[in-house]
Amino acid sequence: MKNIPLLSSFLLALLISALSFAQQSKYDAHKLFDPNFLNQPGTIYRSGSGQPGPAYWQNRADYKISAALNTKENIVSGSETITYTNNSPDALPFIWLQLDQNLFTRESRGALSTPYEGARFGNQDFDGGDVIKSVKVIQGGNTVSPKYIITDTRMQIILPAAIKPKGDEIKIEIAWDFKIPEYGSDRMGMQKTKKGVIYEIAQWYPRMEVYDDVNGWNTLPYLGAGEFYLEYGNFDYTINAPADMIVVGSGKLQNPDEVLTSVQRKRLDEAANSDSTIYIRTVDEVNKLDSVSTEKNTKTWHFIINNSRDASWAASRAFVWDAARINLPSGRKSLAMSVYPVESASDTAWERSTEYAKASIEYNSKKWFEYPYPVAVNVAGRVGGMEYPGIVFCSWKAFRGRLWGVTDHEFGHTWFPMIVGSDERRYMWQDEGLNSFINIYSTLNFNNGEYKPRRNSARDLVPFLLRKDAEPIMTFSDVIKSPYLSLVAYYKPAAVLYLLREYVLGHERFDYAFRTYIKRWAFKHPQPKDFFRTMNDASGEDLNWFWKGWFYKKWNLDQAVKDVKYIGNDPSKGVLITIENLEQMAMPVTVQVKEQNGKVGRVELPVEIWQRGGTWTFKYNSTSMIDSVVIDPDKILPDINPDNNVWTSGYTTQ
């Protein structure tokens, strides 16, 4: 028995040691506040402040396209003329084009890298691809048939002479066709309905790769998950389709008199002046159609969209069609339209689509930057959710909050990446994450919060946001593991930007900086550092610690109350409160103090308290004994151990 006290003392010492080890700080201020992070000097092309430099340039691609939809063989065929302008300081002896339809071949890199169990953006059982019928180059007044090399989803054209720098241009003429995939990596495809097939057509024409000051030619292959990086220009295109079809597309319809009935034209005019949804083609009118088309004639639909990075379209005889006016801050008007099959027509589903599109675009136009296109079309079909300039594809099965969410998200992409033309192939977060962030506020605003989610703070999402096996936000799109794509590219960047607005900068400073980023890079090609530096510059804060910790690293946050001591053992003289930063990430600190006399106070501490170490002591002017001290009382931060955020005296009143 005499050994028991000795054993107990030994075990107690071990326990104390273990507890001390469990709370031992991992924090190193020099890693977080790193003077070498983002300190590369700016260039004449991209300023150190994050704005385009005095010699910023980007090339341009204008398209004139003529295409036809063959509904018997499900083939799109066409020809195009690309006018390509080389504004770079470099001579270009060759050019690169994207052939995205080559993803849909059995031998494509995307198909061969699709898991055997399948994937949303993969391709396995469809053998399509672009059939290039002819390629010609018009240069210096001469037309030649150049040598070209097709490698997977890219085509290199060797030019007879280099395109001269600073404004020289050439024309490329290409004829092509492709089989339409039924499910084109959830970005295009076909959906059978009672009254006909819905065709959603995208990535449908050979288009220019981007040549920029950062990477030269951007020739990463299209594998499915990584999206697109495209030049801006004007698009003038026609679609020839069976005469009983409605065709909608990016941009404004140029020949309504040739393709619409007088009744449809009258209804469109009415919709252009109405804040309420007006039917252009009603449910009853679609229901009266024969189930099988006997139409042998065709119509050609003509669309133009300017200063755009892409154009897409959809066609079906099954479309119900409605529209309403969009009111923009400048006084300019646009037109929200929805097309959907009768199966989707209900007041809990697609009959509200135009209302949703209108509300989303009007809010974001007022909040961030004005919507630039003459129309905004929401198409119900096979695609779950995909965005293109002036037109989006959303699931025909979506309804209620799900339809609001996907409509708001896809039209939110107007701002990222249609207006702010980031490189989606490399940095998915720069469009998906920023878009998911603005979706938070458009959803809170819509119809007095009709689809407002239950309040989930970042702390509630810690098990999801901080998954150990997920990559950092700054990971190439196609490198992100499939199970974590939505986390890394969408939710985590949106969540931390929400923290930056709500907790670090505040609304006024964040909104000004965010609008500045959009304005600086509207219809241009920003890199991630341009975003980070612009936010620093326009907010007046060195946020490099924030960008490094949340975007480049996978660091965790764990702030704790360490100690509470009265000055001179007299609560009326004040109390010294010591807090700790136990993990490698840090944030500003809000501390709430409750006294036993009922007084409640808050102390706001800047992130700079962590610059010299992981412990900070501050004086609180108490007037009575302290009942509790709580870090992050509103439970906003993604703290991995909220239990140590609270210190209590143990005092209770009877």
# chains A, B, ... in the order shown; residues from 1 in each chain; ligands from 1
>>> residues_around(residues="segment 608-610 of chain A", least_positions_apart="4", cutoff="8 Å", atoms="only C-alpha atoms", output="CSV table (one decimal) with all heavy atoms, in the first residue's frame")
chain,number,residue,atom,x,y,z
A,29,ALA,N,4.7,32.2,-35.9
A,29,ALA,CA,4.3,33.4,-36.5
A,29,ALA,C,5.1,33.7,-37.8
A,29,ALA,O,4.5,34.3,-38.8
A,29,ALA,CB,4.5,34.6,-35.6
A,581,ASN,N,-3.0,31.0,-29.5
A,581,ASN,CA,-3.2,30.5,-30.8
A,581,ASN,C,-2.5,29.2,-31.0
A,581,ASN,O,-1.3,29.2,-31.0
A,581,ASN,CB,-2.7,31.5,-31.9
A,581,ASN,CG,-3.4,31.3,-33.2
A,581,ASN,OD1,-4.6,31.4,-33.4
A,581,ASN,ND2,-2.6,31.0,-34.2
A,586,ALA,N,-4.2,31.8,-38.1
A,586,ALA,CA,-4.6,32.8,-37.1
A,586,ALA,C,-5.7,33.7,-37.7
A,586,ALA,O,-5.8,33.7,-38.9
A,586,ALA,CB,-3.5,33.7,-36.6
A,588,PRO,N,-8.2,37.5,-36.5
A,588,PRO,CA,-8.5,38.4,-35.5
A,588,PRO,C,-9.4,37.8,-34.5
A,588,PRO,O,-10.1,36.7,-34.7
A,588,PRO,CB,-9.3,39.5,-36.3
A,588,PRO,CG,-8.9,39.4,-37.7
A,588,PRO,CD,-8.6,37.9,-37.9
A,614,GLY,N,2.4,33.1,-30.2
A,614,GLY,CA,1.1,32.5,-30.1
A,614,GLY,C,0.3,32.8,-28.8
A,614,GLY,O,-0.7,32.1,-28.5
A,615,THR,N,0.8,33.7,-27.9
A,615,THR,CA,0.1,34.0,-26.7
A,615,THR,C,0.0,35.5,-26.6
A,615,THR,O,0.9,36.3,-26.9
A,615,THR,CB,1.0,33.5,-25.5
A,615,THR,OG1,1.2,32.1,-25.6
A,615,THR,CG2,0.2,33.8,-24.2
A,616,TRP,N,-1.2,35.9,-26.1
A,616,TRP,CA,-1.5,37.4,-26.0
A,616,TRP,C,-2.2,37.6,-24.7
A,616,TRP,O,-3.2,37.0,-24.4
A,616,TRP,CB,-2.3,37.9,-27.2
A,616,TRP,CG,-2.5,39.4,-27.1
A,616,TRP,CD1,-3.6,40.0,-26.8
A,616,TRP,CD2,-1.5,40.4,-27.4
A,616,TRP,NE1,-3.4,41.4,-26.8
A,616,TRP,CE2,-2.1,41.7,-27.2
A,616,TRP,CE3,-0.2,40.4,-27.8
A,616,TRP,CZ2,-1.5,42.8,-27.4
A,616,TRP,CZ3,0.5,41.6,-28.0
A,616,TRP,CH2,-0.2,42.8,-27.8
>>> closest_atom_pairs(of="segment 182-248 of chain A", to="segment 308-330 of chain A", cutoff="10 Å", atoms="only C-alpha atoms", output="CSV")
residue,atom,partner,partner_atom,distance
A:Met188,CA,A:Ala314,CA,9.3
A:Gly189,CA,A:Ala314,CA,9.7
A:Met190,CA,A:Ala314,CA,9.7
A:Gln191,CA,A:Ser316,CA,9.7
A:Lys192,CA,A:Ala318,CA,9.4
A:Thr193,CA,A:Ala318,CA,7.2
A:Lys194,CA,A:Ala318,CA,7.6
A:Lys195,CA,A:Ala318,CA,4.9
A:Gly196,CA,A:Ala318,CA,5.2
A:Val197,CA,A:Ser316,CA,6.0
A:Ile198,CA,A:Ser316,CA,4.8
A:Tyr199,CA,A:Ala315,CA,5.2
A:Glu200,CA,A:Ala314,CA,4.5
A:Ile201,CA,A:Trp313,CA,5.5
A:Ala202,CA,A:Ser312,CA,5.1
A:Gln203,CA,A:Ser312,CA,7.5
A:Trp204,CA,A:Ser312,CA,7.7
A:Tyr205,CA,A:Ala311,CA,9.4
A:Arg207,CA,A:Asp310,CA,8.7
A:Phe228,CA,A:Arg309,CA,9.7
A:Tyr229,CA,A:Arg309,CA,8.5
A:Leu230,CA,A:Arg309,CA,5.6
A:Glu231,CA,A:Arg309,CA,5.5
A:Tyr232,CA,A:Arg309,CA,4.3
A:Gly233,CA,A:Ser308,CA,5.5
A:Asn234,CA,A:Ser308,CA,6.2
A:Phe235,CA,A:Ala311,CA,7.1
A:Asp236,CA,A:Ala311,CA,9.3
A:Tyr237,CA,A:Ala311,CA,8.8
A:Ile239,CA,A:Trp313,CA,8.7
A:Ala241,CA,A:Ala315,CA,7.9
A:Pro242,CA,A:Arg317,CA,8.6
A:Ala243,CA,A:Arg317,CA,8.8
A:Asp244,CA,A:Arg317,CA,5.7
A:Met245,CA,A:Arg317,CA,4.1
A:Ile246,CA,A:Ser316,CA,5.6
A:Val247,CA,A:Ala315,CA,4.3
A:Val248,CA,A:Ala314,CA,5.4
>>> select_by_dssp(residues="segment 205-427 of chain A", states="helix (DSSP H, G or I)", output="number ranges by chain")
A: 256-259, 262-271, 283-287, 342-344, 350-367, 400-412, 414-419
>>> closest_residue(among="A:Asn435, A:Asn569, A:Gln592, A:Asn59", to="Tyr491 of chain A", atoms="only C-alpha atoms")
A:Asn435
>>> atom_distance(atom1="atom CA of Glu173 of chain A", atom2="atom CA of Asp152 of chain A")
20.3 Å
>>> atom_distance(atom1="atom CA of Ile65 of chain A", atom2="atom CA of Ile158 of chain A")
22.4 Å
>>> select_by_dssp(residues="segment 530-581 of chain A", states="strand (DSSP E or B)", output="VMD selection string")
chain A and resid 557 559 to 566 575 to 581
>>> write_last_selection(atoms="all heavy atoms", output="short mmCIF file (atom, residue, chain, number, x, y, z; two decimals), in the first residue's frame")
data_model
loop_
_atom_site.label_atom_id
_atom_site.label_comp_id
_atom_site.auth_asym_id
_atom_site.auth_seq_id
_atom_site.Cartn_x
_atom_site.Cartn_y
_atom_site.Cartn_z
N LEU A 557 -7.35 26.35 -37.50
CA LEU A 557 -7.48 27.45 -36.54
C LEU A 557 -7.93 26.88 -35.20
O LEU A 557 -8.91 26.13 -35.13
CB LEU A 557 -8.51 28.46 -37.04
CG LEU A 557 -8.77 29.67 -36.12
CD1 LEU A 557 -7.57 30.60 -36.13
CD2 LEU A 557 -10.02 30.41 -36.56
N GLN A 559 -8.09 28.73 -31.44
CA GLN A 559 -7.81 29.80 -30.49
C GLN A 559 -8.43 29.42 -29.15
O GLN A 559 -9.52 28.84 -29.09
CB GLN A 559 -8.37 31.12 -31.00
CG GLN A 559 -7.71 31.55 -32.31
CD GLN A 559 -8.30 32.81 -32.90
OE1 GLN A 559 -9.45 33.16 -32.64
NE2 GLN A 559 -7.52 33.50 -33.71
N ALA A 560 -7.74 29.75 -28.05
CA ALA A 560 -8.16 29.28 -26.73
C ALA A 560 -7.96 30.36 -25.68
O ALA A 560 -7.08 31.22 -25.80
CB ALA A 560 -7.36 28.03 -26.35
N VAL A 561 -8.78 30.31 -24.63
CA VAL A 561 -8.58 31.12 -23.44
C VAL A 561 -7.63 30.36 -22.52
O VAL A 561 -7.93 29.24 -22.10
CB VAL A 561 -9.90 31.42 -22.71
CG1 VAL A 561 -9.65 32.34 -21.52
CG2 VAL A 561 -10.91 32.04 -23.66
N LYS A 562 -6.50 30.96 -22.21
CA LYS A 562 -5.49 30.27 -21.40
C LYS A 562 -5.59 30.59 -19.92
O LYS A 562 -5.49 29.70 -19.07
CB LYS A 562 -4.09 30.63 -21.90
CG LYS A 562 -2.97 29.91 -21.17
CD LYS A 562 -1.61 30.27 -21.75
CE LYS A 562 -0.51 29.49 -21.04
NZ LYS A 562 0.84 29.83 -21.59
N ASP A 563 -5.81 31.88 -19.60
CA ASP A 563 -5.73 32.26 -18.19
C ASP A 563 -6.52 33.54 -17.95
O ASP A 563 -6.64 34.39 -18.85
CB ASP A 563 -4.27 32.46 -17.80
CG ASP A 563 -4.07 32.47 -16.29
OD1 ASP A 563 -4.99 32.03 -15.58
OD2 ASP A 563 -3.01 32.93 -15.84
N VAL A 564 -7.04 33.66 -16.75
CA VAL A 564 -7.76 34.86 -16.30
C VAL A 564 -7.25 35.20 -14.90
O VAL A 564 -7.39 34.38 -13.98
CB VAL A 564 -9.28 34.65 -16.29
CG1 VAL A 564 -9.99 35.88 -15.74
CG2 VAL A 564 -9.79 34.30 -17.68
N LYS A 565 -6.66 36.38 -14.71
CA LYS A 565 -6.11 36.77 -13.41
C LYS A 565 -6.52 38.20 -13.09
O LYS A 565 -6.40 39.10 -13.92
CB LYS A 565 -4.58 36.69 -13.44
CG LYS A 565 -4.02 35.27 -13.47
CD LYS A 565 -2.49 35.30 -13.40
CE LYS A 565 -1.93 33.88 -13.38
NZ LYS A 565 -0.44 33.88 -13.31
N TYR A 566 -6.99 38.40 -11.86
CA TYR A 566 -7.35 39.74 -11.41
C TYR A 566 -6.08 40.50 -11.04
O TYR A 566 -5.13 39.94 -10.48
CB TYR A 566 -8.28 39.68 -10.20
CG TYR A 566 -9.58 38.98 -10.50
CD1 TYR A 566 -9.85 37.72 -9.96
CD2 TYR A 566 -10.53 39.57 -11.31
CE1 TYR A 566 -11.04 37.06 -10.24
CE2 TYR A 566 -11.73 38.93 -11.60
CZ TYR A 566 -11.97 37.68 -11.07
OH TYR A 566 -13.14 37.03 -11.35
N VAL A 575 -8.81 42.94 -15.00
CA VAL A 575 -8.42 41.54 -15.11
C VAL A 575 -7.50 41.38 -16.32
O VAL A 575 -7.65 42.06 -17.33
CB VAL A 575 -9.65 40.63 -15.24
CG1 VAL A 575 -10.46 40.96 -16.49
CG2 VAL A 575 -9.29 39.16 -15.25
N LEU A 576 -6.50 40.52 -16.19
CA LEU A 576 -5.61 40.19 -17.29
C LEU A 576 -6.07 38.87 -17.90
O LEU A 576 -6.11 37.84 -17.22
CB LEU A 576 -4.17 40.09 -16.81
CG LEU A 576 -3.55 41.37 -16.26
CD1 LEU A 576 -2.12 41.10 -15.77
CD2 LEU A 576 -3.55 42.48 -17.31
N ILE A 577 -6.42 38.93 -19.15
CA ILE A 577 -6.91 37.74 -19.87
C ILE A 577 -5.84 37.32 -20.87
O ILE A 577 -5.38 38.14 -21.67
CB ILE A 577 -8.24 38.04 -20.59
CG1 ILE A 577 -9.31 38.45 -19.57
CG2 ILE A 577 -8.69 36.83 -21.41
CD1 ILE A 577 -10.60 38.94 -20.20
N THR A 578 -5.46 36.06 -20.83
CA THR A 578 -4.46 35.53 -21.74
C THR A 578 -5.12 34.53 -22.68
O THR A 578 -5.82 33.62 -22.24
CB THR A 578 -3.32 34.83 -20.98
OG1 THR A 578 -2.70 35.78 -20.10
CG2 THR A 578 -2.27 34.29 -21.95
N ILE A 579 -4.91 34.76 -23.98
CA ILE A 579 -5.44 33.85 -24.99
C ILE A 579 -4.29 33.24 -25.78
O ILE A 579 -3.17 33.78 -25.79
CB ILE A 579 -6.42 34.58 -25.94
CG1 ILE A 579 -5.73 35.74 -26.66
CG2 ILE A 579 -7.64 35.07 -25.17
CD1 ILE A 579 -6.62 36.47 -27.67
N GLU A 580 -4.56 32.12 -26.44
CA GLU A 580 -3.54 31.40 -27.18
C GLU A 580 -4.00 31.11 -28.61
O GLU A 580 -5.20 30.98 -28.86
CB GLU A 580 -3.23 30.05 -26.51
CG GLU A 580 -2.46 30.12 -25.23
CD GLU A 580 -2.12 28.72 -24.75
OE1 GLU A 580 -3.05 27.93 -24.49
OE2 GLU A 580 -0.92 28.40 -24.63
N ASN A 581 -3.01 31.00 -29.49
CA ASN A 581 -3.24 30.50 -30.84
C ASN A 581 -2.48 29.19 -30.96
O ASN A 581 -1.25 29.17 -30.98
CB ASN A 581 -2.74 31.51 -31.88
CG ASN A 581 -3.40 31.30 -33.23
OD1 ASN A 581 -4.61 31.45 -33.36
ND2 ASN A 581 -2.62 30.95 -34.23
#
>>> atom_distance(atom1="atom CA of Asp408 of chain A", atom2="atom CA of Tyr490 of chain A")
14.2 Å
>>> closest_residue(among="A:Met625, A:Met208, A:Val630, A:Leu260", to="Thr590 of chain A", atoms="only C-alpha atoms")
A:Val630
>>> closest_residue(among="A:Ser353, A:Thr348, A:Asn240, A:Thr151", to="Glu107 of chain A", atoms="only C-alpha atoms")
A:Thr151
>>> closest_residue(among="A:Met585, A:Val420, A:Val144, A:Leu97", to="Leu466 of chain A", atoms="only C-alpha atoms")
A:Met585
>>> closest_residue(among="A:Leu253, A:Trp217, A:Met337, A:Gly390", to="Ala272 of chain A", atoms="only C-alpha atoms")
A:Met337
>>> residues_around(residues="Val210 of chain A", least_positions_apart="4", cutoff="12 Å", atoms="only C-alpha atoms", output="PDB file with N, CA, C and O atoms, in the first residue's frame")
ATOM      1  N   TRP A  57      -1.759  43.550 -72.275  1.00  0.00           N
ATOM      2  CA  TRP A  57      -2.324  43.226 -73.582  1.00  0.00           C
ATOM      3  C   TRP A  57      -3.055  41.900 -73.493  1.00  0.00           C
ATOM      4  O   TRP A  57      -2.809  41.081 -72.590  1.00  0.00           O
ATOM      5  N   GLN A  58      -3.947  41.680 -74.415  1.00  0.00           N
ATOM      6  CA  GLN A  58      -4.510  40.346 -74.616  1.00  0.00           C
ATOM      7  C   GLN A  58      -4.944  40.246 -76.075  1.00  0.00           C
ATOM      8  O   GLN A  58      -5.305  41.241 -76.703  1.00  0.00           O
ATOM      9  N   ASN A  59      -4.871  39.052 -76.576  1.00  0.00           N
ATOM     10  CA  ASN A  59      -5.241  38.831 -77.965  1.00  0.00           C
ATOM     11  C   ASN A  59      -6.748  38.746 -78.116  1.00  0.00           C
ATOM     12  O   ASN A  59      -7.483  38.694 -77.123  1.00  0.00           O
ATOM     13  N   ARG A  60      -7.214  38.726 -79.337  1.00  0.00           N
ATOM     14  CA  ARG A  60      -8.648  38.799 -79.603  1.00  0.00           C
ATOM     15  C   ARG A  60      -9.034  37.769 -80.656  1.00  0.00           C
ATOM     16  O   ARG A  60      -8.275  37.507 -81.598  1.00  0.00           O
ATOM     17  N   ALA A  61     -10.236  37.188 -80.484  1.00  0.00           N
ATOM     18  CA  ALA A  61     -10.754  36.239 -81.475  1.00  0.00           C
ATOM     19  C   ALA A  61     -12.213  36.574 -81.762  1.00  0.00           C
ATOM     20  O   ALA A  61     -13.052  36.535 -80.865  1.00  0.00           O
ATOM     21  N   TYR A  84      -8.318  36.414 -85.945  1.00  0.00           N
ATOM     22  CA  TYR A  84      -7.472  36.378 -84.748  1.00  0.00           C
ATOM     23  C   TYR A  84      -6.477  37.524 -84.795  1.00  0.00           C
ATOM     24  O   TYR A  84      -5.736  37.687 -85.767  1.00  0.00           O
ATOM     25  N   THR A  85      -6.466  38.333 -83.719  1.00  0.00           N
ATOM     26  CA  THR A  85      -5.601  39.507 -83.645  1.00  0.00           C
ATOM     27  C   THR A  85      -4.527  39.285 -82.595  1.00  0.00           C
ATOM     28  O   THR A  85      -4.835  38.995 -81.429  1.00  0.00           O
ATOM     29  N   ASN A  86      -3.291  39.431 -83.010  1.00  0.00           N
ATOM     30  CA  ASN A  86      -2.152  39.252 -82.115  1.00  0.00           C
ATOM     31  C   ASN A  86      -1.734  40.605 -81.545  1.00  0.00           C
ATOM     32  O   ASN A  86      -1.018  41.372 -82.179  1.00  0.00           O
ATOM     33  N   ASN A  87      -2.192  40.898 -80.338  1.00  0.00           N
ATOM     34  CA  ASN A  87      -1.820  42.147 -79.670  1.00  0.00           C
ATOM     35  C   ASN A  87      -0.585  41.994 -78.794  1.00  0.00           C
ATOM     36  O   ASN A  87      -0.161  42.955 -78.145  1.00  0.00           O
ATOM     37  N   SER A  88      -0.021  40.798 -78.752  1.00  0.00           N
ATOM     38  CA  SER A  88       1.138  40.536 -77.904  1.00  0.00           C
ATOM     39  C   SER A  88       2.392  41.169 -78.488  1.00  0.00           C
ATOM     40  O   SER A  88       2.421  41.545 -79.670  1.00  0.00           O
ATOM     41  N   ILE A  95      -0.306  28.696 -84.118  1.00  0.00           N
ATOM     42  CA  ILE A  95      -1.424  29.000 -83.216  1.00  0.00           C
ATOM     43  C   ILE A  95      -2.027  27.693 -82.722  1.00  0.00           C
ATOM     44  O   ILE A  95      -1.834  26.628 -83.324  1.00  0.00           O
ATOM     45  N   TRP A  96      -2.758  27.776 -81.620  1.00  0.00           N
ATOM     46  CA  TRP A  96      -3.406  26.604 -81.032  1.00  0.00           C
ATOM     47  C   TRP A  96      -4.909  26.851 -80.903  1.00  0.00           C
ATOM     48  O   TRP A  96      -5.338  27.947 -80.520  1.00  0.00           O
ATOM     49  N   LEU A  97      -5.688  25.822 -81.198  1.00  0.00           N
ATOM     50  CA  LEU A  97      -7.143  25.866 -81.037  1.00  0.00           C
ATOM     51  C   LEU A  97      -7.589  24.727 -80.133  1.00  0.00           C
ATOM     52  O   LEU A  97      -6.927  23.680 -80.038  1.00  0.00           O
ATOM     53  N   GLN A  98      -8.733  24.938 -79.491  1.00  0.00           N
ATOM     54  CA  GLN A  98      -9.356  23.902 -78.668  1.00  0.00           C
ATOM     55  C   GLN A  98     -10.349  23.106 -79.518  1.00  0.00           C
ATOM     56  O   GLN A  98     -11.193  23.693 -80.190  1.00  0.00           O
ATOM     57  N   VAL A 214       1.634  35.262 -69.151  1.00  0.00           N
ATOM     58  CA  VAL A 214       2.038  34.417 -68.034  1.00  0.00           C
ATOM     59  C   VAL A 214       2.553  33.062 -68.506  1.00  0.00           C
ATOM     60  O   VAL A 214       3.631  32.604 -68.101  1.00  0.00           O
ATOM     61  N   ASN A 215       1.808  32.401 -69.391  1.00  0.00           N
ATOM     62  CA  ASN A 215       2.154  31.055 -69.835  1.00  0.00           C
ATOM     63  C   ASN A 215       2.401  30.929 -71.327  1.00  0.00           C
ATOM     64  O   ASN A 215       2.648  29.828 -71.816  1.00  0.00           O
ATOM     65  N   GLY A 216       2.312  32.030 -72.072  1.00  0.00           N
ATOM     66  CA  GLY A 216       2.343  31.894 -73.526  1.00  0.00           C
ATOM     67  C   GLY A 216       1.071  31.197 -73.968  1.00  0.00           C
ATOM     68  O   GLY A 216      -0.034  31.564 -73.548  1.00  0.00           O
ATOM     69  N   TRP A 217       1.179  30.173 -74.827  1.00  0.00           N
ATOM     70  CA  TRP A 217      -0.009  29.412 -75.221  1.00  0.00           C
ATOM     71  C   TRP A 217      -0.476  28.538 -74.054  1.00  0.00           C
ATOM     72  O   TRP A 217       0.313  27.805 -73.462  1.00  0.00           O
ATOM     73  N   ASN A 218      -1.758  28.639 -73.742  1.00  0.00           N
ATOM     74  CA  ASN A 218      -2.355  27.836 -72.668  1.00  0.00           C
ATOM     75  C   ASN A 218      -2.981  26.593 -73.290  1.00  0.00           C
ATOM     76  O   ASN A 218      -4.112  26.634 -73.784  1.00  0.00           O
ATOM     77  N   THR A 219      -2.259  25.496 -73.262  1.00  0.00           N
ATOM     78  CA  THR A 219      -2.658  24.306 -74.020  1.00  0.00           C
ATOM     79  C   THR A 219      -2.930  23.101 -73.133  1.00  0.00           C
ATOM     80  O   THR A 219      -2.800  21.959 -73.577  1.00  0.00           O
ATOM     81  N   LEU A 220      -3.314  23.327 -71.870  1.00  0.00           N
ATOM     82  CA  LEU A 220      -3.683  22.180 -71.046  1.00  0.00           C
ATOM     83  C   LEU A 220      -4.839  21.439 -71.715  1.00  0.00           C
ATOM     84  O   LEU A 220      -5.801  22.069 -72.176  1.00  0.00           O
ATOM     85  N   PHE A 228     -12.715  26.267 -68.730  1.00  0.00           N
ATOM     86  CA  PHE A 228     -12.264  26.893 -69.965  1.00  0.00           C
ATOM     87  C   PHE A 228     -11.532  28.211 -69.726  1.00  0.00           C
ATOM     88  O   PHE A 228     -11.776  28.911 -68.749  1.00  0.00           O
ATOM     89  N   TYR A 229     -10.651  28.504 -70.642  1.00  0.00           N
ATOM     90  CA  TYR A 229      -9.907  29.757 -70.647  1.00  0.00           C
ATOM     91  C   TYR A 229      -9.972  30.241 -72.082  1.00  0.00           C
ATOM     92  O   TYR A 229      -9.447  29.590 -72.996  1.00  0.00           O
ATOM     93  N   LEU A 230     -10.626  31.391 -72.317  1.00  0.00           N
ATOM     94  CA  LEU A 230     -11.002  31.781 -73.672  1.00  0.00           C
ATOM     95  C   LEU A 230     -10.737  33.261 -73.926  1.00  0.00           C
ATOM     96  O   LEU A 230     -10.804  34.087 -73.011  1.00  0.00           O
ATOM     97  N   GLU A 231     -10.465  33.575 -75.187  1.00  0.00           N
ATOM     98  CA  GLU A 231     -10.290  34.959 -75.598  1.00  0.00           C
ATOM     99  C   GLU A 231     -11.651  35.636 -75.798  1.00  0.00           C
ATOM    100  O   GLU A 231     -12.663  34.979 -76.070  1.00  0.00           O
ATOM    101  N   TYR A 232     -11.650  36.958 -75.708  1.00  0.00           N
ATOM    102  CA  TYR A 232     -12.863  37.739 -75.954  1.00  0.00           C
ATOM    103  C   TYR A 232     -12.927  38.174 -77.415  1.00  0.00           C
ATOM    104  O   TYR A 232     -11.915  38.337 -78.090  1.00  0.00           O
ATOM    105  N   ARG A 309     -16.704  35.720 -74.447  1.00  0.00           N
ATOM    106  CA  ARG A 309     -15.639  34.719 -74.553  1.00  0.00           C
ATOM    107  C   ARG A 309     -16.144  33.403 -75.138  1.00  0.00           C
ATOM    108  O   ARG A 309     -15.355  32.488 -75.346  1.00  0.00           O
ATOM    109  N   GLY A 421     -12.505  37.220 -66.766  1.00  0.00           N
ATOM    110  CA  GLY A 421     -12.166  36.038 -67.559  1.00  0.00           C
ATOM    111  C   GLY A 421     -10.971  35.257 -67.040  1.00  0.00           C
ATOM    112  O   GLY A 421      -9.928  35.200 -67.684  1.00  0.00           O
ATOM    113  N   SER A 422     -11.122  34.637 -65.892  1.00  0.00           N
ATOM    114  CA  SER A 422     -10.025  33.898 -65.276  1.00  0.00           C
ATOM    115  C   SER A 422      -9.763  32.578 -66.001  1.00  0.00           C
ATOM    116  O   SER A 422     -10.550  32.132 -66.844  1.00  0.00           O
ATOM    117  N   ASP A 423      -8.657  31.948 -65.636  1.00  0.00           N
ATOM    118  CA  ASP A 423      -8.226  30.687 -66.228  1.00  0.00           C
ATOM    119  C   ASP A 423      -8.850  29.541 -65.448  1.00  0.00           C
ATOM    120  O   ASP A 423      -8.296  29.063 -64.459  1.00  0.00           O
ATOM    121  N   GLU A 424     -10.013  29.066 -65.901  1.00  0.00           N
ATOM    122  CA  GLU A 424     -10.713  27.987 -65.197  1.00  0.00           C
ATOM    123  C   GLU A 424     -10.001  26.643 -65.333  1.00  0.00           C
ATOM    124  O   GLU A 424     -10.179  25.765 -64.487  1.00  0.00           O
ATOM    125  N   ARG A 425      -9.253  26.479 -66.390  1.00  0.00           N
ATOM    126  CA  ARG A 425      -8.576  25.198 -66.595  1.00  0.00           C
ATOM    127  C   ARG A 425      -7.574  24.945 -65.473  1.00  0.00           C
ATOM    128  O   ARG A 425      -7.345  23.816 -65.072  1.00  0.00           O
ATOM    129  N   LYS A 524     -11.018  40.844 -69.070  1.00  0.00           N
ATOM    130  CA  LYS A 524      -9.577  40.632 -69.124  1.00  0.00           C
ATOM    131  C   LYS A 524      -9.249  39.291 -68.454  1.00  0.00           C
ATOM    132  O   LYS A 524     -10.142  38.563 -68.033  1.00  0.00           O
ATOM    133  N   HIS A 525      -7.946  39.006 -68.309  1.00  0.00           N
ATOM    134  CA  HIS A 525      -7.499  37.694 -67.839  1.00  0.00           C
ATOM    135  C   HIS A 525      -6.673  37.810 -66.555  1.00  0.00           C
ATOM    136  O   HIS A 525      -5.445  37.832 -66.596  1.00  0.00           O
TER     137      HIS A 525
END
>>> closest_residue(among="A:Gly601, A:Phe618, A:Asn74, A:Glu227", to="Pro417 of chain A", atoms="only C-alpha atoms")
A:Glu227
>>> closest_atom_pairs(of="segment 490-539 of chain A", to="segment 35-40 of chain A", cutoff="12 Å", atoms="only C-alpha atoms", output="Markdown table")
| residue | atom | partner | partner_atom | distance |
| --- | --- | --- | --- | --- |
| A:Pro528 | CA | A:Leu38 | CA | 10.7 |
| A:Lys529 | CA | A:Leu38 | CA | 7.4 |
| A:Asp530 | CA | A:Leu38 | CA | 10.2 |
| A:Phe531 | CA | A:Leu38 | CA | 11.6 |
| A:Phe532 | CA | A:Leu38 | CA | 8.8 |
| A:Arg533 | CA | A:Leu38 | CA | 8.2 |
| A:Asn536 | CA | A:Leu38 | CA | 11.0 |
